[in-house]
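Please read the structure below before turning to the comments.
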Amino acid sequence: MIEARNLTKTFKDKKRGIITAVNDISFTCRPGQIYGLLGANGAGKTTTLRLLATLLQPASGSARLAGFDAATEANQVRAHVGFLAASTALYGRLTARETITYFGRLNGLAAATIKERLKGLADELDMRDFLDRRCDKFSTGMKQKTSIARTLIHDPAVMIFDEPTLGLDVMTARSIVKFVRDCRNRGKTVIYSTHVMSEVEKICDVIGIIHDGRLVAEGTLAELRQRYEETDMEEIFVKAVGGEAALVAALKNQGTIP
Amino acid sequence: MNWQNILTVYLKELKDSLRDRRTLISMIVVPTLIMPIIMFGVGTVMTKVVRQARSEIVSVMLLGGADSPGVVAALKADKKFRLVPAVADYQQLISDKKVRVAVELPAGFEASLKGGGVPTVSLYYYEGELKSGFGLKAVQDFFTSLKEKTIETRLAERGLSAAVIKPFVIRKQNVAPPEKVGGNAIGGFVPYLIIILCFTGAMYPAMDLTAGEKERGTMETLLCSPVHRINIVVGKFLMVLTASLTTVLLSIVSMGVSAALGVMYFGGKATSQSATSALVGQAAEGGSIPLIDPVGLIGVAALVLPVAVFFAALLLAISLFAKSYKEAQSYISPLIVVVIMPAVIGLLPGVELNAKLALVPILNLSLVCKEMLSGVWHWDYIALIFGSSCVYAAIALGFAVKMFNREDVMFRA
Ligand SMILES: Nc1ncnc2c1ncn2[C@@H]1O[C@H](COP(=O)(O)OP(=O)(O)O)[C@@H](O)[C@H]1O
Ligand SMILES: [Mg+2]
């Protein structure tokens, strides 16, 4: 379970002044569901997910994950959350086995437990061939599998994915999507951010559209289709953020386009 | 603080660093090789230069002396000298190293000696130039023996014995053990080297474990773990400290081994007043390679510890701020100068330890090491230095922890 209540996060930036990256966002993700956070570049997805993972502290608002408060019980929250992002890389000089074992230890697991879970994950993710090779020699697919095993070693109740398919080839991206579905089927609470429309259509049970730090629309795919009277996700998205002009203005404001 | 977690982080960082070539070079290769290179490289060259200078036939220019054929003949007969014809700009020739020494004999020199006068012989040489110095000494020896012969002749003329002018004999005996002489000679140089190695040994791992992790994207992965941040900082800090101390320890061991080998190598070739003692200079009387007081080395190691902590924590905090390895390098490279400066000031002769200087970080270490290595133990200063270094180290470590807890540092855009 993830409950975000009026989360707000501001950054001070030399050029742009004070940026409200996340603006009064509230939502709930339930166990056995995939919550899709859909937004353009710079909409505030990563910041929102970092707030949930307690990597950042909100300016105001609160969040509860797996029954723990993100502000006061940060360590407990992290112990029950698996966080996978493009920005969470692997130690190149360690082997896959060493990496996964390291994170098992950091999560306070006993050596025997780590060994057992590592074996299970390696079988499940088909990692046995490269378990004892250094991560810097891995293909993106092997890296992604190792990262997944790293996030799962402590069997967290909540999984947070920040654009996990970004920059991956089709086959690897498909295996990730399959894995995210598996997490849901095992009853985990999953939140998944992306800017790819087709992905949310395919895998998300509930979709939240984020624009300029605000959650501008939320619902199942069917509900959104009904509300915006469109079937195509891209059209729904453009309507939800207030038209193409609003999208362009937001991108200009953050300096992504001139 | 959870020591189990700290140990986990530390062991992982240790394993990771031992697989990093850059860290290995700065932590193991450089400190092991630097002393032998300095000792044998510089030592061999110096020995050669000095030996060459000593064996050289001194070119001497004789000014005047036409009416003193006896002295001129004696000079000519001496195999140590080669007389060159007199020219007007002899000073220029000495400066140009074409002539080592010029001897000016006054008119009527020999006649004056016979008549009981006190004529002046002027020697022209180039102060500070090794070969001119050796030449001067040879010429001086020549005239000293001439002086003694003249005295004997004069005494004999008056029917007196030589004992009249030699009522007693002075015998000089050095009681300073060789390590004291050595302590003064290289005591300033050893801490200088240790301070710099202590810093450079910590430099690469500090950058790699912070800015390097940010750059490679592993920092966020690490922060996702439920371990309290302070344990992560302390684990990383211990790794940087390990690297720094390993560097220093290896350099001290290598220094000891090099010194021992040096005694065998240079000492074996050297006779009592040979090239080696000239190289070392101060130990001229004994003619041995100066030794370092081993107890002094232990004292140095003990005082280096808080300074290593200070460096490790400071470097960690500074490079934590950087987003990339390159950025960290641009912050830290200028710091090397800041570290070298007090170390060099400690090397200067005449800069002595006092209560105020005992509070200046780095400089105090440099000064107290110089004393300890020459066997002087000012316990009150040593306590003051150890105490103040610990305080600076604690401040730096606190600063590193604070930086690690600041999200605008860890997640800089
Ligand atoms: N550490 C930071 N410092 C300053 N600004 C930031 C920082 N992180 C994100 N931002 C800004 O906050 C906004 C939201 O960024 P982000 O959450 O990364 O968006 P997304 O993940 O949807 O692309 C952007 O305008 C970004 O420039
Ligand atoms: Mg993002």
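Going by the structure tokens order, chains are called A, B, ..., each with residues numbered from 1, while ligands are numbered from 1 in the order shown.
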Within-7 Å residues of ligand 2, basis only C-alpha atoms and all ligand atoms, as a PyMOL selection string = chain A and resi 41-42+45-46+162-163
Would you save the residues of that selection, restricted to N, CA, C and O atoms, as an mmCIF file, in the first residue's frame?
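Contents of the output file part.cif:
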data_model
loop_
_atom_site.group_PDB
_atom_site.id
_atom_site.type_symbol
_atom_site.label_atom_id
_atom_site.label_comp_id
_atom_site.auth_asym_id
_atom_site.auth_seq_id
_atom_site.Cartn_x
_atom_site.Cartn_y
_atom_site.Cartn_z
ATOM 1 N N ASN A 41 8.774 14.545 -19.948
ATOM 2 C CA ASN A 41 10.050 14.817 -19.279
ATOM 3 C C ASN A 41 9.923 16.034 -18.385
ATOM 4 O O ASN A 41 9.397 17.060 -18.795
ATOM 5 N N GLY A 42 10.413 15.926 -17.165
ATOM 6 C CA GLY A 42 10.394 17.063 -16.265
ATOM 7 C C GLY A 42 9.062 17.294 -15.590
ATOM 8 O O GLY A 42 8.871 18.287 -14.892
ATOM 9 N N LYS A 45 7.929 13.064 -12.211
ATOM 10 C CA LYS A 45 7.792 11.639 -11.878
ATOM 11 C C LYS A 45 8.905 11.164 -10.940
ATOM 12 O O LYS A 45 8.640 10.590 -9.878
ATOM 13 N N THR A 46 10.131 11.416 -11.367
ATOM 14 C CA THR A 46 11.265 10.931 -10.561
ATOM 15 C C THR A 46 11.235 11.529 -9.163
ATOM 16 O O THR A 46 11.454 10.839 -8.167
ATOM 17 N N ASP A 162 11.032 3.488 -11.753
ATOM 18 C CA ASP A 162 11.092 4.791 -12.423
ATOM 19 C C ASP A 162 11.618 4.594 -13.837
ATOM 20 O O ASP A 162 12.812 4.392 -14.031
ATOM 21 N N GLU A 163 10.734 4.669 -14.791
ATOM 22 C CA GLU A 163 11.060 4.475 -16.207
ATOM 23 C C GLU A 163 12.053 3.325 -16.411
ATOM 24 O O GLU A 163 13.143 3.529 -16.950
#
Mind checking which residues fall within 9 Å of Gly219 in chain A, counting only C-alpha atoms, ignoring those fewer than 2 positions away in the same chain, and posting them as a VMD selection string?
-> chain A and resid 205 to 208 217 221 to 224
Go ahead and write the residues just picked, N, CA and C atoms, as a PDB file, in the first residue's frame.
ATOM      1  N   ASP A 205      -3.094  -0.761 -13.934  1.00  0.00           N
ATOM      2  CA  ASP A 205      -4.475  -0.907 -13.484  1.00  0.00           C
ATOM      3  C   ASP A 205      -5.092   0.457 -13.220  1.00  0.00           C
ATOM      4  N   VAL A 206      -4.288   1.335 -12.652  1.00  0.00           N
ATOM      5  CA  VAL A 206      -4.735   2.703 -12.405  1.00  0.00           C
ATOM      6  C   VAL A 206      -3.689   3.627 -13.019  1.00  0.00           C
ATOM      7  N   ILE A 207      -4.162   4.713 -13.659  1.00  0.00           N
ATOM      8  CA  ILE A 207      -3.233   5.632 -14.314  1.00  0.00           C
ATOM      9  C   ILE A 207      -3.360   7.010 -13.677  1.00  0.00           C
ATOM     10  N   GLY A 208      -2.229   7.611 -13.326  1.00  0.00           N
ATOM     11  CA  GLY A 208      -2.222   8.988 -12.854  1.00  0.00           C
ATOM     12  C   GLY A 208      -1.431   9.806 -13.856  1.00  0.00           C
ATOM     13  N   ALA A 217      -5.003  14.100 -13.711  1.00  0.00           N
ATOM     14  CA  ALA A 217      -6.098  13.153 -13.957  1.00  0.00           C
ATOM     15  C   ALA A 217      -5.721  11.819 -13.350  1.00  0.00           C
ATOM     16  N   LEU A 221      -8.048   2.883 -17.113  1.00  0.00           N
ATOM     17  CA  LEU A 221      -8.029   3.239 -18.528  1.00  0.00           C
ATOM     18  C   LEU A 221      -9.451   3.492 -19.028  1.00  0.00           C
ATOM     19  N   ALA A 222     -10.381   2.620 -18.602  1.00  0.00           N
ATOM     20  CA  ALA A 222     -11.776   2.755 -19.029  1.00  0.00           C
ATOM     21  C   ALA A 222     -12.368   4.077 -18.546  1.00  0.00           C
ATOM     22  N   GLU A 223     -12.101   4.412 -17.304  1.00  0.00           N
ATOM     23  CA  GLU A 223     -12.630   5.668 -16.750  1.00  0.00           C
ATOM     24  C   GLU A 223     -12.095   6.876 -17.502  1.00  0.00           C
ATOM     25  N   LEU A 224     -10.803   6.847 -17.802  1.00  0.00           N
ATOM     26  CA  LEU A 224     -10.190   7.976 -18.502  1.00  0.00           C
ATOM     27  C   LEU A 224     -10.750   8.105 -19.915  1.00  0.00           C
TER      28      LEU A 224
END
Got a sec to check which residues lie within 9 Å of ligand 1, using only C-alpha atoms and all ligand atoms, and send them as a PDB file with C-alpha atoms, in the first residue's frame?
ATOM      1  CA  LYS A   9       8.638  19.334  -3.207  1.00  0.00           C
ATOM      2  CA  THR A  10      10.524  22.464  -4.191  1.00  0.00           C
ATOM      3  CA  PHE A  11      14.089  22.864  -5.446  1.00  0.00           C
ATOM      4  CA  LYS A  12      16.217  25.963  -5.495  1.00  0.00           C
ATOM      5  CA  ASP A  13      17.810  26.413  -8.883  1.00  0.00           C
ATOM      6  CA  LYS A  14      20.367  29.098  -9.721  1.00  0.00           C
ATOM      7  CA  ARG A  16      15.205  29.119 -12.713  1.00  0.00           C
ATOM      8  CA  ILE A  18      12.406  28.113  -6.973  1.00  0.00           C
ATOM      9  CA  ILE A  19      11.001  25.094  -8.829  1.00  0.00           C
ATOM     10  CA  THR A  20       7.940  23.299  -7.554  1.00  0.00           C
ATOM     11  CA  ALA A  21       8.772  19.864  -8.958  1.00  0.00           C
ATOM     12  CA  VAL A  22       5.902  18.146  -7.116  1.00  0.00           C
ATOM     13  CA  LEU A  38       2.407   9.021 -16.815  1.00  0.00           C
ATOM     14  CA  GLY A  39       4.098  12.313 -17.602  1.00  0.00           C
ATOM     15  CA  ALA A  40       6.398  14.119 -20.014  1.00  0.00           C
ATOM     16  CA  ASN A  41      10.050  14.817 -19.279  1.00  0.00           C
ATOM     17  CA  GLY A  42      10.394  17.063 -16.265  1.00  0.00           C
ATOM     18  CA  ALA A  43       6.779  16.546 -15.158  1.00  0.00           C
ATOM     19  CA  GLY A  44       7.956  15.454 -11.702  1.00  0.00           C
ATOM     20  CA  LYS A  45       7.792  11.639 -11.878  1.00  0.00           C
ATOM     21  CA  THR A  46      11.265  10.931 -10.561  1.00  0.00           C
ATOM     22  CA  THR A  47      10.919  13.473  -7.792  1.00  0.00           C
ATOM     23  CA  THR A  48       7.610  11.945  -6.693  1.00  0.00           C
ATOM     24  CA  LEU A  49       9.089   8.449  -6.611  1.00  0.00           C
ATOM     25  CA  ARG A  50      12.187   9.643  -4.756  1.00  0.00           C
ATOM     26  CA  ASP A 162      11.092   4.791 -12.423  1.00  0.00           C
ATOM     27  CA  GLU A 163      11.060   4.475 -16.207  1.00  0.00           C
ATOM     28  CA  SER A 193       6.460   5.748 -14.031  1.00  0.00           C
ATOM     29  CA  THR A 194       6.838   6.229 -17.752  1.00  0.00           C
ATOM     30  CA  HIS A 195       6.400   8.687 -20.574  1.00  0.00           C
ATOM     31  CA  ILE A 210       1.264  14.131 -13.947  1.00  0.00           C
ATOM     32  CA  HIS A 211       1.953  17.491 -15.531  1.00  0.00           C
ATOM     33  CA  ASP A 212       4.099  20.330 -14.253  1.00  0.00           C
ATOM     34  CA  GLY A 213       4.231  18.766 -10.804  1.00  0.00           C
ATOM     35  CA  LEU A 251       8.681  22.141 -21.682  1.00  0.00           C
ATOM     36  CA  ASN A 253       9.531  26.724 -18.895  1.00  0.00           C
ATOM     37  CA  GLN A 254      11.932  24.011 -17.767  1.00  0.00           C
ATOM     38  CA  GLY A 255      14.324  24.688 -20.630  1.00  0.00           C
ATOM     39  CA  THR A 256      13.942  21.309 -22.385  1.00  0.00           C
TER      40      THR A 256
ATOM     41  CA  GLU B 407      19.831  15.986  -0.107  1.00  0.00           C
ATOM     42  CA  ASP B 408      20.850  19.043  -2.155  1.00  0.00           C
ATOM     43  CA  VAL B 409      24.403  17.662  -2.021  1.00  0.00           C
ATOM     44  CA  MET B 410      23.499  14.063  -2.740  1.00  0.00           C
ATOM     45  CA  PHE B 411      21.012  14.915  -5.510  1.00  0.00           C
ATOM     46  CA  ARG B 412      22.560  17.944  -7.124  1.00  0.00           C
ATOM     47  CA  ALA B 413      20.896  18.757 -10.439  1.00  0.00           C
TER      48      ALA B 413
END
Check: which chain B residues lie within 8 Å of chain A using only C-alpha atoms, as a PyMOL selection string | chain B and resi 5+8-9+12+16+19-20+216-221+223-228+407
At a cut-off of 12 Å, using only C-alpha atoms, what residues contact Val351 in chain B? Leave out same-chain residues fewer than 2 positions from it and give the result as an mmCIF file with N, CA and C atoms, in the first residue's frame.
data_model
loop_
_atom_site.group_PDB
_atom_site.id
_atom_site.type_symbol
_atom_site.label_atom_id
_atom_site.label_comp_id
_atom_site.auth_asym_id
_atom_site.auth_seq_id
_atom_site.Cartn_x
_atom_site.Cartn_y
_atom_site.Cartn_z
ATOM 1 N N GLY B 188 63.339 16.584 8.547
ATOM 2 C CA GLY B 188 62.341 17.481 7.975
ATOM 3 C C GLY B 188 61.751 16.912 6.706
ATOM 4 N N PRO B 342 52.376 24.136 4.357
ATOM 5 C CA PRO B 342 52.825 23.988 5.749
ATOM 6 C C PRO B 342 53.887 22.905 5.904
ATOM 7 N N ALA B 343 53.811 21.865 5.087
ATOM 8 C CA ALA B 343 54.817 20.807 5.172
ATOM 9 C C ALA B 343 56.193 21.349 4.792
ATOM 10 N N VAL B 344 56.207 22.220 3.778
ATOM 11 C CA VAL B 344 57.481 22.797 3.336
ATOM 12 C C VAL B 344 58.007 23.790 4.370
ATOM 13 N N ILE B 345 57.085 24.582 4.936
ATOM 14 C CA ILE B 345 57.514 25.544 5.964
ATOM 15 C C ILE B 345 58.186 24.784 7.111
ATOM 16 N N GLY B 346 57.656 23.608 7.444
ATOM 17 C CA GLY B 346 58.252 22.784 8.485
ATOM 18 C C GLY B 346 59.659 22.325 8.139
ATOM 19 N N LEU B 347 59.933 22.276 6.843
ATOM 20 C CA LEU B 347 61.254 21.836 6.383
ATOM 21 C C LEU B 347 62.316 22.913 6.583
ATOM 22 N N LEU B 348 61.856 24.183 6.610
ATOM 23 C CA LEU B 348 62.821 25.280 6.668
ATOM 24 C C LEU B 348 63.594 25.237 7.973
ATOM 25 N N PRO B 349 64.896 25.481 7.913
ATOM 26 C CA PRO B 349 65.667 25.520 9.148
ATOM 27 C C PRO B 349 65.266 26.749 9.952
ATOM 28 N N LEU B 353 59.170 24.492 16.829
ATOM 29 C CA LEU B 353 57.863 24.268 17.419
ATOM 30 C C LEU B 353 57.632 25.205 18.603
ATOM 31 N N ASN B 354 56.433 25.824 18.671
ATOM 32 C CA ASN B 354 56.025 26.528 19.890
ATOM 33 C C ASN B 354 54.527 26.312 20.084
ATOM 34 N N LEU B 357 52.292 27.365 17.094
ATOM 35 C CA LEU B 357 52.458 26.538 15.890
ATOM 36 C C LEU B 357 51.946 25.117 16.120
ATOM 37 N N ALA B 358 51.911 24.689 17.382
ATOM 38 C CA ALA B 358 51.418 23.344 17.685
ATOM 39 C C ALA B 358 49.935 23.210 17.359
ATOM 40 N N LEU B 363 51.335 21.778 9.708
ATOM 41 C CA LEU B 363 52.626 22.355 10.073
ATOM 42 C C LEU B 363 53.101 21.767 11.399
ATOM 43 N N ASN B 364 52.166 21.615 12.362
ATOM 44 C CA ASN B 364 52.561 21.080 13.664
ATOM 45 C C ASN B 364 53.111 19.658 13.527
ATOM 46 N N SER B 366 54.530 18.351 10.867
ATOM 47 C CA SER B 366 55.812 18.456 10.185
ATOM 48 C C SER B 366 56.924 18.803 11.178
ATOM 49 N N LEU B 367 56.622 19.768 12.074
ATOM 50 C CA LEU B 367 57.645 20.224 13.019
ATOM 51 C C LEU B 367 57.942 19.188 14.091
ATOM 52 N N VAL B 368 56.881 18.568 14.616
ATOM 53 C CA VAL B 368 57.099 17.630 15.719
ATOM 54 C C VAL B 368 57.781 16.358 15.199
ATOM 55 N N LYS B 370 60.014 16.257 12.886
ATOM 56 C CA LYS B 370 61.429 16.595 12.759
ATOM 57 C C LYS B 370 62.118 16.376 14.112
ATOM 58 N N GLU B 371 61.439 16.826 15.190
ATOM 59 C CA GLU B 371 62.023 16.677 16.525
ATOM 60 C C GLU B 371 62.109 15.214 16.935
#
CA of Val45 in chain B to CA of Phe81 in chain B measures 25.5 Å
Which distance in Å separates CA of Arg22 in chain B and CA of Phe189 in chain B, to one decimal?
-> 26.0 Å
Compile the contact shell of Ile191 in chain A as a PyMOL selection string: residues with an atom at most 10 Å away, counting only C-alpha atoms, same-chain residues fewer than 3 positions apart removed.
-> chain A and resi 1-2+28-30+33-37+49+83+158-162+180+184+188+204+206-207
Can you tell me, as a ChimeraX atom specification, what residues are no more than 7 Å from range 116-124 of chain A when counting only C-alpha atoms, ignoring any on the same chain fewer than 3 positions away?
-> /A:112-113,127-128,149,153
Within 12 Å of Ala73 in chain B using only C-alpha atoms, minus same-chain residues under 6 positions, as a list of chain:residue names = B:Leu62, B:Gly65, B:Ala66, B:Asp67, B:Lys79, B:Phe81, B:Arg82, B:Leu83
Store the residues of this selection in a file with all heavy atoms, as a short mmCIF file (atom, residue, chain, number, x, y, z; two decimals), in the first residue's frame.
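Done, and the output landed in selection-v3.cif:
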data_model
loop_
_atom_site.label_atom_id
_atom_site.label_comp_id
_atom_site.auth_asym_id
_atom_site.auth_seq_id
_atom_site.Cartn_x
_atom_site.Cartn_y
_atom_site.Cartn_z
N LEU B 62 97.57 31.34 -11.66
CA LEU B 62 98.51 32.02 -10.77
C LEU B 62 98.65 33.47 -11.21
O LEU B 62 98.98 33.76 -12.35
CB LEU B 62 99.87 31.30 -10.85
CG LEU B 62 100.87 31.65 -9.76
CD1 LEU B 62 100.31 31.35 -8.38
CD2 LEU B 62 102.15 30.89 -10.00
N GLY B 65 103.79 36.31 -8.78
CA GLY B 65 104.67 35.21 -8.41
C GLY B 65 105.93 35.11 -9.25
O GLY B 65 106.68 34.15 -9.11
N ALA B 66 106.19 36.10 -10.12
CA ALA B 66 107.38 36.06 -10.96
C ALA B 66 108.65 36.08 -10.12
O ALA B 66 109.65 35.46 -10.47
CB ALA B 66 107.37 37.23 -11.94
N ASP B 67 108.55 36.77 -8.95
CA ASP B 67 109.74 36.85 -8.10
C ASP B 67 109.71 35.83 -6.97
O ASP B 67 110.42 35.95 -5.98
CB ASP B 67 109.87 38.28 -7.53
CG ASP B 67 108.55 38.76 -6.95
OD1 ASP B 67 107.61 37.93 -6.85
OD2 ASP B 67 108.46 39.95 -6.58
N LYS B 79 100.76 17.32 -8.22
CA LYS B 79 99.95 16.65 -9.24
C LYS B 79 98.47 17.04 -9.16
O LYS B 79 97.71 16.80 -10.09
CB LYS B 79 100.10 15.13 -9.09
CG LYS B 79 101.45 14.63 -9.54
CD LYS B 79 101.32 13.20 -10.08
CE LYS B 79 102.63 12.72 -10.66
NZ LYS B 79 103.76 12.75 -9.68
N PHE B 81 97.31 19.98 -9.08
CA PHE B 81 97.02 21.24 -9.77
C PHE B 81 97.49 21.26 -11.21
O PHE B 81 98.45 20.59 -11.57
CB PHE B 81 97.70 22.41 -9.02
CG PHE B 81 97.34 22.45 -7.57
CD1 PHE B 81 98.32 22.37 -6.59
CD2 PHE B 81 96.01 22.57 -7.18
CE1 PHE B 81 97.99 22.41 -5.24
CE2 PHE B 81 95.68 22.61 -5.84
CZ PHE B 81 96.66 22.53 -4.87
N ARG B 82 96.77 22.02 -11.98
CA ARG B 82 97.19 22.32 -13.35
C ARG B 82 97.19 23.83 -13.46
O ARG B 82 96.14 24.47 -13.27
CB ARG B 82 96.20 21.70 -14.34
CG ARG B 82 96.57 21.86 -15.80
CD ARG B 82 95.65 21.00 -16.66
NE ARG B 82 94.23 21.37 -16.49
CZ ARG B 82 93.65 22.37 -17.14
NH1 ARG B 82 94.32 23.08 -18.02
NH2 ARG B 82 92.38 22.65 -16.93
N LEU B 83 98.37 24.41 -13.67
CA LEU B 83 98.45 25.87 -13.71
C LEU B 83 98.08 26.38 -15.09
O LEU B 83 98.47 25.80 -16.10
CB LEU B 83 99.86 26.33 -13.35
CG LEU B 83 100.29 26.08 -11.89
CD1 LEU B 83 101.61 26.79 -11.60
CD2 LEU B 83 99.22 26.56 -10.93
#
Within range 75-308 of chain B, find each residue whose DSSP state, derived from the backbone, is helix (DSSP H, G or I), and express the selection as JSON, numbers by chain.
-> {"B": [75, 76, 77, 90, 91, 92, 93, 94, 95, 109, 110, 111, 112, 113, 114, 130, 131, 132, 133, 134, 135, 136, 137, 138, 139, 140, 141, 142, 143, 144, 145, 146, 147, 148, 149, 150, 151, 152, 153, 154, 155, 156, 157, 162, 163, 164, 165, 178, 179, 180, 181, 182, 183, 184, 185, 186, 189, 190, 191, 192, 193, 194, 195, 196, 197, 198, 199, 200, 201, 202, 203, 204, 205, 206, 207, 208, 209, 211, 212, 213, 214, 215, 216, 218, 219, 220, 221, 222, 223, 229, 230, 231, 232, 233, 234, 235, 236, 237, 238, 239, 240, 241, 242, 243, 244, 245, 246, 247, 248, 249, 250, 251, 252, 253, 254, 255, 256, 257, 258, 259, 260, 261, 262, 263, 264, 265, 266, 267, 268, 269, 275, 276, 277, 278, 279, 280, 282, 283, 284, 294, 295, 296, 297, 298, 299, 300, 301, 302, 303, 304, 305, 306, 307, 308]}
When you draw a straight line from CA of Glu129 in chain B to CA of Met61 in chain B, how long is it in Å?
->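 Taking CA of Glu129 in chain B and CA of Met61 in chain B, their separation equals 17.0 Å.
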Using only C-alpha atoms, which residues sit within 7 Å of range 50-55 of chain B once same-chain residues fewer than 2 positions away are excluded, as a PyMOL selection string?
-> chain B and resi 46-48+57+131+134+275
Output all heavy atoms for every residue in the selection just made, as a compact mmCIF listing (two decimals), in the first residue's frame.
# COMPACT_ATOMS: atom_id res chain seq x y z
N MET B 46 74.41 11.70 -7.05
CA MET B 46 75.20 12.57 -6.18
C MET B 46 76.57 11.98 -5.92
O MET B 46 77.59 12.67 -5.96
CB MET B 46 74.47 12.78 -4.84
CG MET B 46 73.42 13.87 -4.88
SD MET B 46 74.09 15.47 -5.37
CE MET B 46 75.01 15.87 -3.87
N THR B 47 76.59 10.68 -5.62
CA THR B 47 77.86 10.03 -5.33
C THR B 47 78.81 10.17 -6.51
O THR B 47 79.99 10.48 -6.35
CB THR B 47 77.63 8.53 -5.05
OG1 THR B 47 76.55 8.42 -4.14
CG2 THR B 47 78.86 7.90 -4.44
N LYS B 48 78.28 9.97 -7.67
CA LYS B 48 79.09 10.07 -8.88
C LYS B 48 79.65 11.48 -9.04
O LYS B 48 80.84 11.66 -9.27
CB LYS B 48 78.22 9.73 -10.10
CG LYS B 48 78.82 8.57 -10.88
CD LYS B 48 77.98 8.24 -12.06
CE LYS B 48 78.13 6.76 -12.35
NZ LYS B 48 76.98 6.19 -12.98
N ILE B 57 91.55 17.15 -11.48
CA ILE B 57 92.76 17.97 -11.31
C ILE B 57 92.31 19.42 -11.36
O ILE B 57 91.60 19.84 -12.28
CB ILE B 57 93.77 17.67 -12.44
CG1 ILE B 57 94.26 16.23 -12.28
CG2 ILE B 57 94.93 18.65 -12.40
CD1 ILE B 57 95.11 15.75 -13.43
N LYS B 131 82.90 22.09 -7.29
CA LYS B 131 84.27 21.84 -7.75
C LYS B 131 85.20 22.98 -7.36
O LYS B 131 86.36 22.75 -7.03
CB LYS B 131 84.29 21.63 -9.27
CG LYS B 131 83.60 20.32 -9.64
CD LYS B 131 83.63 20.07 -11.12
CE LYS B 131 82.99 18.72 -11.41
NZ LYS B 131 82.92 18.46 -12.84
N PHE B 134 86.08 22.38 -3.75
CA PHE B 134 87.11 21.36 -3.57
C PHE B 134 88.48 21.92 -3.95
O PHE B 134 89.49 21.66 -3.30
CB PHE B 134 86.81 20.12 -4.41
CG PHE B 134 85.73 19.26 -3.81
CD1 PHE B 134 84.73 18.71 -4.61
CD2 PHE B 134 85.72 18.98 -2.44
CE1 PHE B 134 83.74 17.91 -4.06
CE2 PHE B 134 84.73 18.18 -1.89
CZ PHE B 134 83.74 17.65 -2.69
N ALA B 275 82.62 10.02 -0.55
CA ALA B 275 81.50 10.64 -1.24
C ALA B 275 80.21 10.60 -0.44
O ALA B 275 79.46 11.55 -0.42
CB ALA B 275 81.30 9.93 -2.57
